[in-house]
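Novice: Here's a structure for you.
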Amino acid sequence: GLATTVPFGNSTPGHPVGRAIRLDSGLLLGGTDERVSAGLNPQRQSSGGVWTLDPASTPPAMQDYPLPDADVQRYGNSVYASAKERPLAFTKTSGGEVWAVATYNTFNAHRPIIEGNDYSGDVAGLLAFDPQTGAPTGELHFFGDTGTWLRGTFSASLSARGNILTFVSPALFVDDSTRETGDRVWVVDLDSRDGTGTPASNFALLSPDGGAVGDAWRAPFAPTLHTSSGDFYVMTLAAGMATDELRIHRMQVGASVATAPTLTTVVTGQTDLPGTALFEASDGLLYYGTQTGRLMRFDPSGPAVTEVADLTVSGMTSDVRGFLSEGQPGVIMGIVADSSVEQSAVIRRAFAWTIATQGLTTVDVTEDVSDQDPFPGVTTLE
């Protein structure tokens, strides 16, 4: 088919990263590490942000936007929250709203940042975007504890069921009364808000010290909705094992998030660790890629995990990374990186695996996909 390449040079947003989303207006919305309009940034503005692309215009028109900052109250203190990293993925609610999560720095804006004791650490920011233009609306909510350190890829996925959002706020420690370490799996109800407009929320704590599902403590990606059952499924890595172990859990969210989500472990003992989030395909099953170059299928009704495709190449170490998509009904697509002894991700390939025939095709996209993108994949124009 016809392929259109849009150069991200010095007149358009640079370093696009993560999974873009198609807006109702036809525009694409994605994250970027370098905004053209950032220029020589003032101290309180990040160079990262989001970009939009109109694929119907000639040449394709592009625009970029900064992420909103905020002065907020956290635990009785006034702090300034500034976007540290761009979103890596977006989701739509049933009401058509567009949301993403990003890492925010919090600090005392009235004193020099070089005074390390004024720095309060990272916090997860939930942001809204205009569903037509892609511009940030300015609505911004914070989750988790300031003082925690967030992995940069925590914003790589989030899911929606109706107007309930779910995402993960991972940290090296969780600053609460129990001092438990682990990750928090959040649920946010956009239809239920307090007098300040803040949406109702709750979370399940994953912790090796006795969290929601025993010693399963780290969720590398957000839960994924299984449409037919209405349940979410989330992958975790287990602590204290002889080798890393992947587990899959069913997460049930009630009609109200006043009750914390419940997690039930349905798959254990998987040592082929995930490189992508779970993806629900048109056959109603969930798929994910692994760090060893395999495409796996998870059937919740089993529940069972099955390898469906081997994407490795001889003489290289291969890993499927980022996100999966369905280029057309029944065709799973993604990115696999091949590393040599001397160089990581020296070759990047796009793959397409057909569910009905189990046929596999790959194409070299090394020149088109950066090895610096922490969440690569194939975004289709519907």
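A note on labels: chains of the structure tokens are A, B, ... as shown, every chain counts residues from 1, and ligands are counted from 1 in their shown order.
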Mind checking DSSP for segment 301-331 of chain A and telling me the strand (DSSP E or B) residues as a VMD selection string?
Specialist: chain A and resid 304 to 310 317 to 328 331
Novice: Next, the residues of the selection above should be written as a tab-separated table (two decimals), in the first residue's frame with N, CA, C and O atoms.
Specialist:
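Output saved as result.tsv:
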chain	number	residue	atom	x	y	z
A	304	ALA	N	-5.19	-20.10	29.83
A	304	ALA	CA	-4.00	-20.75	29.30
A	304	ALA	C	-3.20	-19.78	28.45
A	304	ALA	O	-3.78	-18.90	27.79
A	305	VAL	N	-1.88	-19.95	28.48
A	305	VAL	CA	-0.97	-19.16	27.64
A	305	VAL	C	-0.32	-20.09	26.63
A	305	VAL	O	0.18	-21.17	26.99
A	306	THR	N	-0.32	-19.69	25.35
A	306	THR	CA	0.23	-20.51	24.28
A	306	THR	C	1.13	-19.67	23.39
A	306	THR	O	0.78	-18.53	23.05
A	307	GLU	N	2.27	-20.21	23.02
A	307	GLU	CA	3.12	-19.54	22.03
A	307	GLU	C	2.52	-19.75	20.64
A	307	GLU	O	2.23	-20.88	20.24
A	308	VAL	N	2.34	-18.65	19.89
A	308	VAL	CA	1.74	-18.76	18.57
A	308	VAL	C	2.72	-18.40	17.45
A	308	VAL	O	2.48	-18.75	16.29
A	309	ALA	N	3.82	-17.71	17.76
A	309	ALA	CA	4.78	-17.35	16.71
A	309	ALA	C	6.16	-17.14	17.31
A	309	ALA	O	6.30	-16.55	18.40
A	310	ASP	N	7.18	-17.64	16.58
A	310	ASP	CA	8.57	-17.45	16.96
A	310	ASP	C	9.15	-16.40	16.02
A	310	ASP	O	9.25	-16.60	14.82
A	317	THR	N	19.82	-11.98	19.23
A	317	THR	CA	18.90	-12.05	20.35
A	317	THR	C	17.73	-11.13	20.05
A	317	THR	O	17.92	-9.93	19.83
A	318	SER	N	16.52	-11.67	20.04
A	318	SER	CA	15.34	-10.91	19.61
A	318	SER	C	14.40	-10.66	20.77
A	318	SER	O	14.26	-11.51	21.66
A	319	ASP	N	13.75	-9.49	20.75
A	319	ASP	CA	12.72	-9.22	21.75
A	319	ASP	C	11.62	-8.39	21.12
A	319	ASP	O	11.87	-7.48	20.33
A	320	VAL	N	10.38	-8.76	21.45
A	320	VAL	CA	9.22	-7.99	21.02
A	320	VAL	C	9.00	-6.90	22.05
A	320	VAL	O	8.92	-7.19	23.24
A	321	ARG	N	8.89	-5.66	21.61
A	321	ARG	CA	8.83	-4.56	22.57
A	321	ARG	C	7.74	-3.57	22.20
A	321	ARG	O	7.30	-3.51	21.05
A	322	GLY	N	7.31	-2.79	23.20
A	322	GLY	CA	6.34	-1.73	22.93
A	322	GLY	C	4.91	-2.18	23.03
A	322	GLY	O	4.47	-2.70	24.05
A	323	PHE	N	4.17	-2.04	21.93
A	323	PHE	CA	2.75	-2.37	21.95
A	323	PHE	C	2.38	-3.15	20.69
A	323	PHE	O	3.04	-3.06	19.66
A	324	LEU	N	1.32	-3.94	20.81
A	324	LEU	CA	0.75	-4.67	19.68
A	324	LEU	C	-0.47	-3.93	19.17
A	324	LEU	O	-1.10	-3.15	19.88
A	325	SER	N	-0.82	-4.18	17.92
A	325	SER	CA	-2.01	-3.59	17.31
A	325	SER	C	-2.58	-4.57	16.30
A	325	SER	O	-1.97	-5.61	16.01
A	326	GLU	N	-3.73	-4.24	15.77
A	326	GLU	CA	-4.37	-5.09	14.76
A	326	GLU	C	-4.52	-4.23	13.50
A	326	GLU	O	-5.39	-3.38	13.41
A	327	GLY	N	-3.61	-4.45	12.54
A	327	GLY	CA	-3.60	-3.64	11.33
A	327	GLY	C	-4.89	-3.71	10.56
A	327	GLY	O	-5.38	-2.73	10.01
A	328	GLN	N	-5.46	-4.89	10.51
A	328	GLN	CA	-6.79	-5.14	9.98
A	328	GLN	C	-7.34	-6.31	10.76
A	328	GLN	O	-6.57	-7.02	11.43
A	331	VAL	N	-5.20	-9.57	12.01
A	331	VAL	CA	-3.75	-9.46	11.75
A	331	VAL	C	-3.09	-8.71	12.90
A	331	VAL	O	-3.30	-7.50	13.06
Novice: Show which residues sit within 8 Å of Ala89 of chain A, as a PyMOL selection string. Count only C-alpha atoms, and ignore same-chain residues fewer than 4 positions away.
Specialist: chain A and resi 18-21+30-31+100-101+155-158
Novice: Go ahead and write the residues just picked, C-alpha atoms, as a PDB file, in the first residue's frame.
Specialist:
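Final file, out.pdb:
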ATOM      1  CA  GLY A  18       5.013   5.633  22.101  1.00  0.00           C
ATOM      2  CA  ARG A  19       1.593   4.782  20.762  1.00  0.00           C
ATOM      3  CA  ALA A  20      -0.359   7.468  18.907  1.00  0.00           C
ATOM      4  CA  ILE A  21      -4.157   7.513  18.903  1.00  0.00           C
ATOM      5  CA  GLY A  30       1.137  11.191  20.106  1.00  0.00           C
ATOM      6  CA  GLY A  31       3.925  11.974  22.551  1.00  0.00           C
ATOM      7  CA  ALA A 100      -3.083   9.836  29.172  1.00  0.00           C
ATOM      8  CA  VAL A 101      -0.722   9.544  32.124  1.00  0.00           C
ATOM      9  CA  SER A 155       2.915   5.788  31.251  1.00  0.00           C
ATOM     10  CA  ALA A 156       3.165   3.257  28.429  1.00  0.00           C
ATOM     11  CA  SER A 157      -0.375   1.971  28.810  1.00  0.00           C
ATOM     12  CA  LEU A 158      -3.753   2.670  30.325  1.00  0.00           C
TER      13      LEU A 158
END
Novice: Taking only C-alpha atoms into account, name the residue in A:Ile248, A:Thr268, A:Ala255, A:Asn163 that is nearest to Phe298 of chain A.
Specialist: A:Ile248
Novice: Measuring atom to atom with only C-alpha atoms, identify which of A:Gly125, A:Pro60, A:Gly95, A:Gly334 is nearest to Ser82 of chain A.
Specialist: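 Checking each of A:Gly125, A:Pro60, A:Gly95, A:Gly334 against Ser82 of chain A, counting only C-alpha atoms, the winner is A:Gly125.
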Novice: If we count only C-alpha atoms, what is near Arg184 of chain A at a cut-off of 7 Å, once residues fewer than 5 positions away on the same chain are taken out, given as a list in words?
Specialist: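 In the requested form, the answer reads Val168, Ser169, Pro170, Phe203, Ala204, Leu205 and Leu206 of chain A.
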Novice: Check the smallest atom-to-atom distance from each of A:Leu28, A:Val267, A:Val79, A:Ile347 to Pro55 of chain A using only C-alpha atoms, then report the winner.
Specialist: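 Looking at the shortest contact to Pro55 of chain A, the residue is A:Leu28.
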Novice: Counting only C-alpha atoms, which of A:Ala258, A:Leu126, A:Leu140, A:Ala337 gets nearest to Phe90 of chain A?
Specialist: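 Looking only at the distances to Phe90 of chain A, the closest residue turns out to be A:Leu126.
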Novice: Between A:Leu311, A:Lys84, A:Ser282, A:Gly377, which residue has the minimum interatomic distance to Ile355 of chain A, considering only C-alpha atoms?
Specialist: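 Of A:Leu311, A:Lys84, A:Ser282, A:Gly377, the one nearest Ile355 of chain A is A:Ser282, counting only C-alpha atoms.
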Novice: Write out as a compact mmCIF listing (two decimals) with all heavy atoms, in the first residue's frame each polymer residue whose atoms come within 10 Å of Leu285 of chain A, counting only C-alpha atoms; drop sequence neighbours fewer than 6 positions from it.
Specialist:
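Writing the result to result-v5.txt gives the following:
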# COMPACT_ATOMS: atom_id res chain seq x y z
N HIS A 226 -10.81 -7.03 29.00
CA HIS A 226 -11.35 -8.14 28.21
C HIS A 226 -12.83 -7.82 28.00
O HIS A 226 -13.64 -7.93 28.91
CB HIS A 226 -11.17 -9.46 28.96
CG HIS A 226 -11.63 -10.65 28.19
ND1 HIS A 226 -12.57 -11.53 28.67
CD2 HIS A 226 -11.29 -11.10 26.96
CE1 HIS A 226 -12.78 -12.48 27.79
NE2 HIS A 226 -12.02 -12.25 26.73
N THR A 227 -13.17 -7.41 26.79
CA THR A 227 -14.46 -6.79 26.52
C THR A 227 -15.64 -7.69 26.88
O THR A 227 -16.62 -7.25 27.50
CB THR A 227 -14.55 -6.36 25.05
OG1 THR A 227 -13.44 -5.51 24.74
CG2 THR A 227 -15.85 -5.61 24.79
N SER A 228 -15.57 -8.96 26.48
CA SER A 228 -16.74 -9.82 26.65
C SER A 228 -17.08 -10.08 28.12
O SER A 228 -18.25 -10.22 28.47
CB SER A 228 -16.52 -11.16 25.92
OG SER A 228 -15.42 -11.86 26.47
N LEU A 278 -0.57 -6.53 27.34
CA LEU A 278 -1.61 -7.38 26.77
C LEU A 278 -2.42 -6.58 25.76
O LEU A 278 -2.69 -5.39 25.94
CB LEU A 278 -2.53 -7.91 27.86
CG LEU A 278 -1.97 -8.98 28.80
CD1 LEU A 278 -2.89 -9.15 30.01
CD2 LEU A 278 -1.78 -10.30 28.07
N PHE A 279 -2.83 -7.25 24.69
CA PHE A 279 -3.63 -6.61 23.64
C PHE A 279 -4.80 -7.51 23.29
O PHE A 279 -4.62 -8.70 23.01
CB PHE A 279 -2.78 -6.36 22.39
CG PHE A 279 -3.58 -5.93 21.19
CD1 PHE A 279 -4.08 -4.64 21.10
CD2 PHE A 279 -3.83 -6.82 20.15
CE1 PHE A 279 -4.82 -4.24 20.00
CE2 PHE A 279 -4.57 -6.42 19.04
CZ PHE A 279 -5.07 -5.13 18.97
N ARG A 297 -0.33 -16.01 23.18
CA ARG A 297 -1.78 -15.83 23.25
C ARG A 297 -2.28 -16.28 24.62
O ARG A 297 -1.94 -17.36 25.09
CB ARG A 297 -2.48 -16.63 22.16
CG ARG A 297 -4.03 -16.52 22.21
CD ARG A 297 -4.64 -17.16 20.98
NE ARG A 297 -4.26 -18.57 20.86
CZ ARG A 297 -4.18 -19.22 19.69
NH1 ARG A 297 -4.42 -18.59 18.56
NH2 ARG A 297 -3.83 -20.50 19.68
N PHE A 298 -3.07 -15.41 25.24
CA PHE A 298 -3.67 -15.73 26.53
C PHE A 298 -5.17 -15.86 26.36
O PHE A 298 -5.84 -14.92 25.93
CB PHE A 298 -3.34 -14.65 27.56
CG PHE A 298 -4.15 -14.74 28.82
CD1 PHE A 298 -4.17 -15.90 29.59
CD2 PHE A 298 -4.91 -13.66 29.26
CE1 PHE A 298 -4.92 -15.99 30.74
CE2 PHE A 298 -5.67 -13.74 30.42
CZ PHE A 298 -5.67 -14.90 31.16
N ASP A 299 -5.68 -17.04 26.69
CA ASP A 299 -7.12 -17.32 26.61
C ASP A 299 -7.68 -17.29 28.03
O ASP A 299 -7.43 -18.19 28.83
CB ASP A 299 -7.35 -18.69 25.98
CG ASP A 299 -8.83 -19.01 25.83
OD1 ASP A 299 -9.67 -18.24 26.31
OD2 ASP A 299 -9.14 -20.06 25.22
N PRO A 300 -8.45 -16.24 28.38
CA PRO A 300 -8.97 -16.15 29.75
C PRO A 300 -9.90 -17.28 30.14
O PRO A 300 -10.07 -17.57 31.33
CB PRO A 300 -9.72 -14.81 29.74
CG PRO A 300 -9.11 -14.03 28.61
CD PRO A 300 -8.78 -15.06 27.58
N SER A 301 -10.52 -17.94 29.15
CA SER A 301 -11.48 -18.99 29.49
C SER A 301 -10.79 -20.26 29.96
O SER A 301 -11.42 -21.11 30.59
CB SER A 301 -12.37 -19.31 28.28
OG SER A 301 -11.62 -19.89 27.22
Novice: Excluding same-chain residues fewer than 3 positions from Ala356 of chain A, what lies within 10 Å of it counting only C-alpha atoms, as a JSON list (two decimals) with N, CA, C and O atoms, in the first residue's frame?
Specialist:
[["chain", "number", "residue", "atom", "x", "y", "z"],
["A", 283, "ASP", "N", -10.52, -11.60, 17.88],
["A", 283, "ASP", "CA", -11.02, -12.94, 18.21],
["A", 283, "ASP", "C", -11.40, -13.06, 19.68],
["A", 283, "ASP", "O", -11.79, -14.13, 20.15],
["A", 330, "GLY", "N", -7.95, -9.51, 12.43],
["A", 330, "GLY", "CA", -7.30, -10.81, 12.33],
["A", 330, "GLY", "C", -5.82, -10.76, 12.04],
["A", 330, "GLY", "O", -5.19, -11.81, 11.87],
["A", 331, "VAL", "N", -5.20, -9.57, 12.01],
["A", 331, "VAL", "CA", -3.75, -9.46, 11.75],
["A", 331, "VAL", "C", -3.09, -8.71, 12.90],
["A", 331, "VAL", "O", -3.30, -7.50, 13.06],
["A", 353, "TRP", "N", 1.19, -11.05, 11.98],
["A", 353, "TRP", "CA", 0.83, -12.47, 12.17],
["A", 353, "TRP", "C", -0.67, -12.60, 12.01],
["A", 353, "TRP", "O", -1.45, -11.89, 12.67],
["A", 359, "GLY", "N", 0.00, -17.32, 9.53],
["A", 359, "GLY", "CA", 1.07, -16.86, 8.65],
["A", 359, "GLY", "C", 1.80, -15.67, 9.25],
["A", 359, "GLY", "O", 1.18, -14.80, 9.86]]
Novice: Which residues are near segment 22-24 of chain A? Cut-off 7 Å, only C-alpha atoms, ignore same chain within fewer than 3 positions. Put them as JSON, numbers by chain.
Specialist: {"A": [27, 28, 29, 131, 132]}
Novice: Could you list, as a PyMOL selection string, every residue within 8 Å of Trp51 of chain A, counting only C-alpha atoms and ignoring same-chain residues fewer than 3 positions away?
Specialist: chain A and resi 13+29-32+35+62-65+134
